[in-house]
file run.txt (compact mmCIF, C-alpha atoms)
# COMPACT_ATOMS: atom_id res chain seq x y z
CA MET A 31 -31.59 -97.15 55.93
CA GLU A 32 -29.83 -97.48 59.27
CA TYR A 33 -27.87 -94.30 58.53
CA LEU A 34 -31.13 -92.43 57.89
CA ASN A 35 -32.55 -93.69 61.20
CA GLN A 36 -29.39 -92.44 62.94
CA ILE A 37 -29.88 -89.01 61.35
CA ARG A 38 -33.54 -88.99 62.42
CA THR A 39 -32.53 -89.87 65.99
CA PHE A 40 -29.92 -87.10 66.01
CA TYR A 41 -32.49 -84.66 64.63
CA THR A 42 -35.04 -85.64 67.29
CA ASN A 43 -32.52 -85.33 70.12
CA HIS A 44 -30.80 -82.12 69.00
CA LYS A 45 -33.58 -80.34 67.05
CA ARG A 46 -31.14 -79.83 64.20
CA MET A 47 -29.36 -81.87 61.54
CA PRO A 48 -25.80 -83.09 62.15
CA SER A 49 -22.75 -81.53 60.54
CA TYR A 50 -20.73 -83.77 58.22
CA ALA A 51 -18.21 -84.40 61.04
CA GLU A 52 -21.04 -85.34 63.43
CA ALA A 53 -22.60 -87.55 60.74
CA ALA A 54 -19.30 -89.39 60.25
CA LYS A 55 -19.14 -89.97 64.00
CA ILE A 56 -22.70 -91.25 64.39
CA PHE A 57 -22.33 -93.46 61.27
CA GLY A 58 -19.05 -94.86 62.60
CA LEU A 59 -17.13 -93.65 59.54
CA ARG A 60 -13.55 -92.39 59.55
CA SER A 61 -13.94 -89.34 57.34
CA LYS A 62 -16.26 -86.47 56.61
CA ASP A 63 -15.90 -87.36 52.92
CA SER A 64 -17.50 -90.76 53.54
CA ALA A 65 -20.33 -89.11 55.47
CA TYR A 66 -20.71 -86.61 52.61
CA LYS A 67 -21.24 -89.48 50.13
CA VAL A 68 -23.87 -91.11 52.34
CA ILE A 69 -25.69 -87.81 52.84
CA GLN A 70 -25.47 -86.98 49.13
CA ARG A 71 -27.26 -90.27 48.37
CA PHE A 72 -30.07 -89.22 50.73
CA ILE A 73 -30.20 -85.79 49.06
CA ASP A 74 -30.50 -87.47 45.64
CA GLU A 75 -33.43 -89.53 47.00
CA GLY A 76 -35.17 -86.41 48.39
CA LEU A 77 -34.80 -87.53 52.01
CA LEU A 78 -32.38 -84.74 52.87
CA ASP A 79 -31.64 -81.35 51.33
CA LYS A 80 -29.25 -78.42 51.77
CA ASP A 81 -30.10 -74.85 52.66
CA THR A 82 -28.59 -71.86 50.86
CA GLY A 83 -25.60 -71.99 53.22
CA GLY A 84 -24.89 -75.66 52.37
CA LYS A 85 -26.10 -77.03 55.71
CA ILE A 86 -28.03 -80.30 55.78
CA ILE A 87 -31.78 -79.89 56.27
CA PRO A 88 -34.68 -82.37 56.16
CA GLY A 89 -35.91 -83.12 52.66
CA SER A 90 -39.52 -83.59 51.63
CA GLY A 91 -39.37 -87.33 52.36
CA PHE A 92 -37.42 -87.09 55.63
CA SER A 93 -40.31 -87.57 58.01
CA GLY A 94 -42.77 -89.23 55.69
CA VAL A 95 -45.25 -91.85 56.80
CA ARG A 96 -45.87 -94.92 54.64
CA LEU A 97 -49.17 -94.85 52.76
CA LEU A 98 -50.13 -98.52 52.70
CA GLY A 99 -53.52 -98.58 51.03
CA LEU A 100 -57.18 -98.14 51.76
CA VAL A 101 -59.37 -99.18 54.67
CA GLU A 102 -63.08 -99.77 54.24
CA ALA A 103 -65.21 -97.60 56.48
CA GLY A 104 -68.38 -99.43 55.40
CA PHE A 105 -68.67 -103.20 55.05
CA PRO A 106 -65.55 -105.27 55.86
CA THR A 107 -63.45 -106.35 52.90
CA PRO A 108 -60.39 -108.62 52.65
CA ALA A 109 -57.31 -106.92 54.07
CA GLU A 110 -54.57 -105.94 51.64
CA GLU A 111 -51.37 -104.09 52.37
CA ASP A 112 -49.60 -102.45 49.47
CA LEU A 113 -47.01 -99.77 49.91
CA LEU A 114 -48.53 -97.07 47.72
CA ASP A 115 -46.18 -94.24 48.58
CA THR A 116 -44.79 -92.22 51.45
CA ILE A 117 -46.29 -88.89 52.37
CA THR A 118 -45.53 -86.28 54.98
CA LEU A 119 -48.27 -84.59 56.94
CA ASP A 120 -46.92 -81.27 55.69
CA GLU A 121 -47.32 -82.44 52.08
CA TYR A 122 -50.86 -83.61 52.73
CA LEU A 123 -52.14 -80.76 54.88
CA ILE A 124 -50.19 -77.60 54.04
CA ASP A 125 -50.42 -75.61 50.83
CA ASN A 126 -48.66 -72.44 51.99
CA LYS A 127 -46.16 -73.21 54.76
CA GLU A 128 -45.28 -69.56 55.45
CA ALA A 129 -48.94 -68.66 56.05
CA THR A 130 -49.85 -71.78 58.05
CA PHE A 131 -50.04 -72.08 61.83
CA MET A 132 -51.74 -74.25 64.46
CA LEU A 133 -54.14 -73.33 67.26
CA ARG A 134 -55.46 -75.44 70.14
CA VAL A 135 -59.26 -75.42 70.37
CA LYS A 136 -60.96 -74.18 73.51
CA GLY A 137 -64.71 -74.53 73.92
CA ASP A 138 -67.46 -76.53 72.24
CA SER A 139 -69.12 -74.12 69.81
CA MET A 140 -67.87 -76.13 66.79
CA TYR A 141 -68.76 -79.57 68.22
CA ASP A 142 -71.20 -80.52 65.44
CA ALA A 143 -68.50 -79.76 62.85
CA GLY A 144 -66.38 -82.46 64.52
CA ILE A 145 -64.10 -79.97 66.25
CA ARG A 146 -63.65 -80.77 69.94
CA GLU A 147 -61.99 -78.95 72.81
CA GLY A 148 -58.29 -79.86 72.86
CA ASP A 149 -58.11 -80.53 69.11
CA MET A 150 -55.53 -78.69 67.06
CA VAL A 151 -56.64 -76.78 63.97
CA LEU A 152 -54.32 -76.04 61.10
CA ALA A 153 -55.14 -72.57 59.79
CA GLU A 154 -53.87 -70.60 56.83
CA ARG A 155 -53.58 -66.81 57.10
CA THR A 156 -55.84 -64.88 54.78
CA THR A 157 -57.94 -61.75 54.98
CA THR A 158 -60.82 -63.22 53.01
CA GLY A 159 -63.01 -66.26 53.33
CA LYS A 160 -65.90 -67.85 51.48
CA SER A 161 -69.31 -68.45 52.96
CA GLY A 162 -69.33 -71.96 54.44
CA GLN A 163 -65.65 -72.02 55.38
CA ILE A 164 -64.54 -72.33 58.99
CA VAL A 165 -62.55 -69.21 59.80
CA VAL A 166 -60.56 -67.69 62.62
CA ALA A 167 -61.89 -64.17 62.93
CA GLU A 168 -61.85 -61.08 65.08
CA VAL A 169 -65.37 -59.83 65.65
CA ASP A 170 -65.86 -56.59 67.55
CA GLY A 171 -62.43 -56.94 69.16
CA ARG A 172 -62.77 -60.61 70.23
CA TRP A 173 -61.35 -63.73 68.58
CA THR A 174 -63.30 -66.84 67.66
CA MET A 175 -63.51 -69.76 65.22
CA LYS A 176 -66.84 -70.28 63.43
CA TYR A 177 -68.44 -70.88 60.05
CA LEU A 178 -68.40 -67.77 57.89
CA ARG A 179 -71.90 -67.06 56.54
CA LYS A 180 -73.32 -64.38 54.28
CA GLN A 181 -76.75 -62.80 54.51
CA GLY A 182 -77.36 -60.34 51.71
CA SER A 183 -74.21 -58.24 51.59
CA TYR A 184 -73.30 -58.83 55.26
CA PHE A 185 -71.13 -61.56 56.77
CA TYR A 186 -71.73 -63.15 60.15
CA LEU A 187 -70.32 -66.12 62.11
CA GLU A 188 -72.27 -69.28 62.81
CA PRO A 189 -71.38 -71.85 65.48
CA ALA A 190 -71.74 -75.58 64.89
CA ASN A 191 -73.56 -76.19 68.19
CA LYS A 192 -77.22 -75.40 68.80
CA LYS A 193 -76.37 -74.14 72.30
CA TYR A 194 -74.83 -71.03 70.72
CA LYS A 195 -76.32 -68.22 68.64
CA PRO A 196 -74.85 -66.77 65.44
CA ILE A 197 -72.59 -63.77 65.90
CA TYR A 198 -73.56 -60.69 63.93
CA PRO A 199 -70.83 -58.05 64.12
CA LYS A 200 -71.90 -54.74 65.65
CA GLU A 201 -68.88 -52.89 64.28
CA ASP A 202 -66.17 -55.01 62.71
CA LEU A 203 -65.56 -58.54 61.38
CA ARG A 204 -62.01 -59.30 60.28
CA ILE A 205 -60.99 -62.70 58.87
CA ALA A 206 -57.51 -63.75 60.01
CA ALA A 207 -57.34 -67.34 58.73
CA VAL A 208 -59.24 -70.21 57.17
CA VAL A 209 -59.17 -73.58 58.94
CA ARG A 210 -57.61 -76.21 56.64
CA ALA A 211 -57.50 -79.28 58.91
CA ILE A 212 -58.34 -80.62 62.33
CA ILE A 213 -55.80 -82.74 64.18
CA ARG A 214 -56.92 -84.97 67.04
CA LYS A 215 -54.64 -87.27 68.96
CA TYR A 216 -56.27 -90.33 70.50

call {"tool": "encode", "arguments": {"input": "run.txt", "output": "structure tokens"}}
result
Amino acid sequence: MEYLNQIRTFYTNHKRMPSYAEAAKIFGLRSKDSAYKVIQRFIDEGLLDKDTGGKIIPGSGFSGVRLLGLVEAGFPTPAEEDLLDTITLDEYLIDNKEATFMLRVKGDSMYDAGIREGDMVLAERTTTGKSGQIVVAEVDGRWTMKYLRKQGSYFYLEPANKKYKPIYPKEDLRIAAVVRAIIRKY
């Protein structure tokens, strides 16, 4: 596991994975072949992978966080810690990586939906949305994030803050993305 931590440190510092020669050096091994065997073990475990050119890339379990169990949000219960699995935030939050992006929230129109100024929203590109979903949309040439609502055959945008009024498009309403998650750092 120490070798994996060394690879993670290299990745954090250099924003790329090491070559086999660099891996041998950071592991303190004498040959690239020895580094290859160590890295191949991590590939077999799903911690590392190779791209189409044969270069080392992070695998699905490379930056996973341990999932230890459940925590009661109601009445206190006896504490138990069981390692259930490891999971990456990408695995948990992202269905379509190529269509997913993040935006920083500005303003308080979605406050009652639990979305605060400074939060990050994870959005997935799409041109359609369902009534009730939180969407990123262009309405009459301006961008906003609101609940998508339908009245008869017309769509409009509804804020989650009573200080703001619904937005009924005068000309055009174009959905750009659906919000999939909110990320807040404490």

call {"tool": "residues_around", "arguments": {"input": "run.txt", "residues": "range 163-168 of chain A", "least_positions_apart": "5", "cutoff": "7 Å", "atoms": "all atoms listed in the file", "output": "PDB file with C-alpha atoms, in the frame of the given file"}}
result
ATOM      1  CA  TRP A 173     -61.350 -63.730  68.580  1.00  0.00           C
ATOM      2  CA  THR A 174     -63.300 -66.840  67.660  1.00  0.00           C
ATOM      3  CA  MET A 175     -63.510 -69.760  65.220  1.00  0.00           C
ATOM      4  CA  LYS A 176     -66.840 -70.280  63.430  1.00  0.00           C
ATOM      5  CA  TYR A 177     -68.440 -70.880  60.050  1.00  0.00           C
ATOM      6  CA  LEU A 178     -68.400 -67.770  57.890  1.00  0.00           C
ATOM      7  CA  LEU A 203     -65.560 -58.540  61.380  1.00  0.00           C
ATOM      8  CA  ARG A 204     -62.010 -59.300  60.280  1.00  0.00           C
ATOM      9  CA  ILE A 205     -60.990 -62.700  58.870  1.00  0.00           C
ATOM     10  CA  ALA A 206     -57.510 -63.750  60.010  1.00  0.00           C
ATOM     11  CA  ALA A 207     -57.340 -67.340  58.730  1.00  0.00           C
ATOM     12  CA  VAL A 208     -59.240 -70.210  57.170  1.00  0.00           C
ATOM     13  CA  VAL A 209     -59.170 -73.580  58.940  1.00  0.00           C
TER      14      VAL A 209
END

call {"tool": "residues_around", "arguments": {"input": "run.txt", "residues": "range 33-47 of chain A", "least_positions_apart": "2", "cutoff": "8 Å", "atoms": "all atoms listed in the file", "output": "JSON, numbers by chain"}}
result
{"A": [31, 49, 53, 56, 57, 72, 86, 87, 88]}

call {"tool": "axis_aligned_box", "arguments": {"input": "run.txt", "around": "range 145-148 of chain A", "padding_each_side": "3 Å", "output": "JSON"}}
result
{"center_x": -61.2, "center_y": -79.9, "center_z": 69.6, "size_x": 11.8, "size_y": 7.8, "size_z": 12.6}

call {"tool": "atom_distance", "arguments": {"input": "run.txt", "atom1": "CA of Leu77 in chain A", "atom2": "CA of Thr118 in chain A"}}
result
11.2 Å

call {"tool": "atom_distance", "arguments": {"input": "run.txt", "atom1": "CA of Tyr198 in chain A", "atom2": "CA of Val135 in chain A"}}
result
21.5 Å

call {"tool": "atom_distance", "arguments": {"input": "run.txt", "atom1": "CA of Ala153 in chain A", "atom2": "CA of Met132 in chain A"}}
result
6.0 Å

call {"tool": "decode", "arguments": {"input": "run.txt", "residues": "range 176-216 of chain A", "atoms": "N, CA and C atoms", "output": "CSV table (one decimal), in the first residue's frame"}}
result
chain,number,residue,atom,x,y,z
A,176,LYS,N,-32.8,27.0,-12.0
A,176,LYS,CA,-34.1,27.1,-11.3
A,176,LYS,C,-34.8,25.7,-11.5
A,177,TYR,N,-35.9,25.5,-10.8
A,177,TYR,CA,-36.7,24.4,-11.0
A,177,TYR,C,-37.4,24.6,-12.4
A,178,LEU,N,-37.5,23.5,-13.1
A,178,LEU,CA,-38.2,23.5,-14.4
A,178,LEU,C,-39.7,23.1,-14.0
A,179,ARG,N,-40.6,23.9,-14.5
A,179,ARG,CA,-42.0,23.7,-14.2
A,179,ARG,C,-42.8,23.7,-15.5
A,180,LYS,N,-44.0,23.1,-15.5
A,180,LYS,CA,-44.8,23.1,-16.7
A,180,LYS,C,-46.2,23.5,-16.4
A,181,GLN,N,-46.7,24.4,-17.2
A,181,GLN,CA,-48.1,24.9,-17.0
A,181,GLN,C,-48.8,24.7,-18.3
A,182,GLY,N,-49.7,23.8,-18.4
A,182,GLY,CA,-50.3,23.4,-19.7
A,182,GLY,C,-49.2,22.9,-20.6
A,183,SER,N,-49.0,23.5,-21.8
A,183,SER,CA,-48.0,23.1,-22.7
A,183,SER,C,-46.7,23.9,-22.6
A,184,TYR,N,-46.7,24.9,-21.7
A,184,TYR,CA,-45.6,25.8,-21.6
A,184,TYR,C,-44.7,25.5,-20.4
A,185,PHE,N,-43.4,25.7,-20.5
A,185,PHE,CA,-42.4,25.5,-19.4
A,185,PHE,C,-42.1,26.9,-18.9
A,186,TYR,N,-41.8,26.9,-17.6
A,186,TYR,CA,-41.3,28.2,-17.0
A,186,TYR,C,-40.3,27.7,-15.9
A,187,LEU,N,-39.6,28.7,-15.3
A,187,LEU,CA,-38.6,28.4,-14.3
A,187,LEU,C,-39.1,29.0,-12.9
A,188,GLU,N,-38.9,28.2,-11.9
A,188,GLU,CA,-39.4,28.6,-10.6
A,188,GLU,C,-38.2,28.6,-9.6
A,189,PRO,N,-38.0,29.7,-8.9
A,189,PRO,CA,-36.9,29.8,-7.9
A,189,PRO,C,-37.4,29.0,-6.6
A,190,ALA,N,-36.4,28.8,-5.8
A,190,ALA,CA,-36.7,28.1,-4.5
A,190,ALA,C,-36.4,29.1,-3.4
A,191,ASN,N,-37.0,30.3,-3.6
A,191,ASN,CA,-36.9,31.4,-2.6
A,191,ASN,C,-38.0,32.3,-2.8
A,192,LYS,N,-38.8,32.5,-1.8
A,192,LYS,CA,-40.0,33.4,-1.9
A,192,LYS,C,-39.8,34.8,-2.3
A,193,LYS,N,-38.5,35.3,-2.2
A,193,LYS,CA,-38.1,36.6,-2.6
A,193,LYS,C,-38.2,36.8,-4.1
A,194,TYR,N,-38.2,35.7,-4.8
A,194,TYR,CA,-38.1,35.8,-6.3
A,194,TYR,C,-39.3,35.3,-6.9
A,195,LYS,N,-39.7,35.8,-8.1
A,195,LYS,CA,-40.8,35.4,-8.8
A,195,LYS,C,-40.4,34.4,-9.9
A,196,PRO,N,-41.4,33.5,-10.3
A,196,PRO,CA,-41.1,32.6,-11.4
A,196,PRO,C,-40.8,33.4,-12.7
A,197,ILE,N,-40.0,32.7,-13.5
A,197,ILE,CA,-39.6,33.3,-14.8
A,197,ILE,C,-40.3,32.6,-15.9
A,198,TYR,N,-41.2,33.4,-16.6
A,198,TYR,CA,-41.9,32.9,-17.8
A,198,TYR,C,-41.2,33.5,-19.0
A,199,PRO,N,-40.7,32.6,-19.9
A,199,PRO,CA,-40.0,33.1,-21.0
A,199,PRO,C,-40.8,34.0,-21.9
A,200,LYS,N,-40.3,35.1,-22.4
A,200,LYS,CA,-41.0,35.9,-23.3
A,200,LYS,C,-40.8,35.4,-24.7
A,201,GLU,N,-39.6,34.9,-25.0
A,201,GLU,CA,-39.3,34.4,-26.3
A,201,GLU,C,-38.8,33.0,-26.3
A,202,ASP,N,-37.7,32.7,-25.5
A,202,ASP,CA,-37.0,31.4,-25.6
A,202,ASP,C,-36.6,30.9,-24.3
A,203,LEU,N,-36.8,29.6,-24.1
A,203,LEU,CA,-36.3,28.9,-22.9
A,203,LEU,C,-35.5,27.6,-23.4
A,204,ARG,N,-34.2,27.6,-23.2
A,204,ARG,CA,-33.4,26.5,-23.7
A,204,ARG,C,-32.7,25.8,-22.5
A,205,ILE,N,-33.0,24.5,-22.3
A,205,ILE,CA,-32.3,23.8,-21.2
A,205,ILE,C,-30.9,23.4,-21.7
A,206,ALA,N,-29.9,23.6,-20.8
A,206,ALA,CA,-28.6,23.3,-21.1
A,206,ALA,C,-28.1,22.1,-20.3
A,207,ALA,N,-28.6,22.0,-19.1
A,207,ALA,CA,-28.1,20.9,-18.2
A,207,ALA,C,-29.2,20.6,-17.1
A,208,VAL,N,-29.1,19.5,-16.5
A,208,VAL,CA,-29.9,19.1,-15.3
A,208,VAL,C,-28.9,19.0,-14.2
A,209,VAL,N,-29.2,19.6,-13.0
A,209,VAL,CA,-28.4,19.5,-11.8
A,209,VAL,C,-28.5,18.1,-11.2
A,210,ARG,N,-27.4,17.4,-11.0
A,210,ARG,CA,-27.3,16.1,-10.5
A,210,ARG,C,-26.9,16.0,-9.0
A,211,ALA,N,-26.1,17.0,-8.6
A,211,ALA,CA,-25.7,17.0,-7.2
A,211,ALA,C,-25.2,18.4,-6.7
A,212,ILE,N,-25.2,18.6,-5.5
A,212,ILE,CA,-24.7,19.8,-4.9
A,212,ILE,C,-23.6,19.5,-4.0
A,213,ILE,N,-22.5,20.2,-4.1
A,213,ILE,CA,-21.3,19.9,-3.3
A,213,ILE,C,-21.0,21.2,-2.5
A,214,ARG,N,-20.9,21.0,-1.2
A,214,ARG,CA,-20.6,22.1,-0.2
A,214,ARG,C,-19.5,21.6,0.6
A,215,LYS,N,-18.5,22.5,0.7
A,215,LYS,CA,-17.4,22.2,1.6
A,215,LYS,C,-17.5,23.1,2.9
A,216,TYR,N,-17.4,22.4,4.0
A,216,TYR,CA,-17.5,23.1,5.3
A,216,TYR,C,-16.2,23.5,5.8
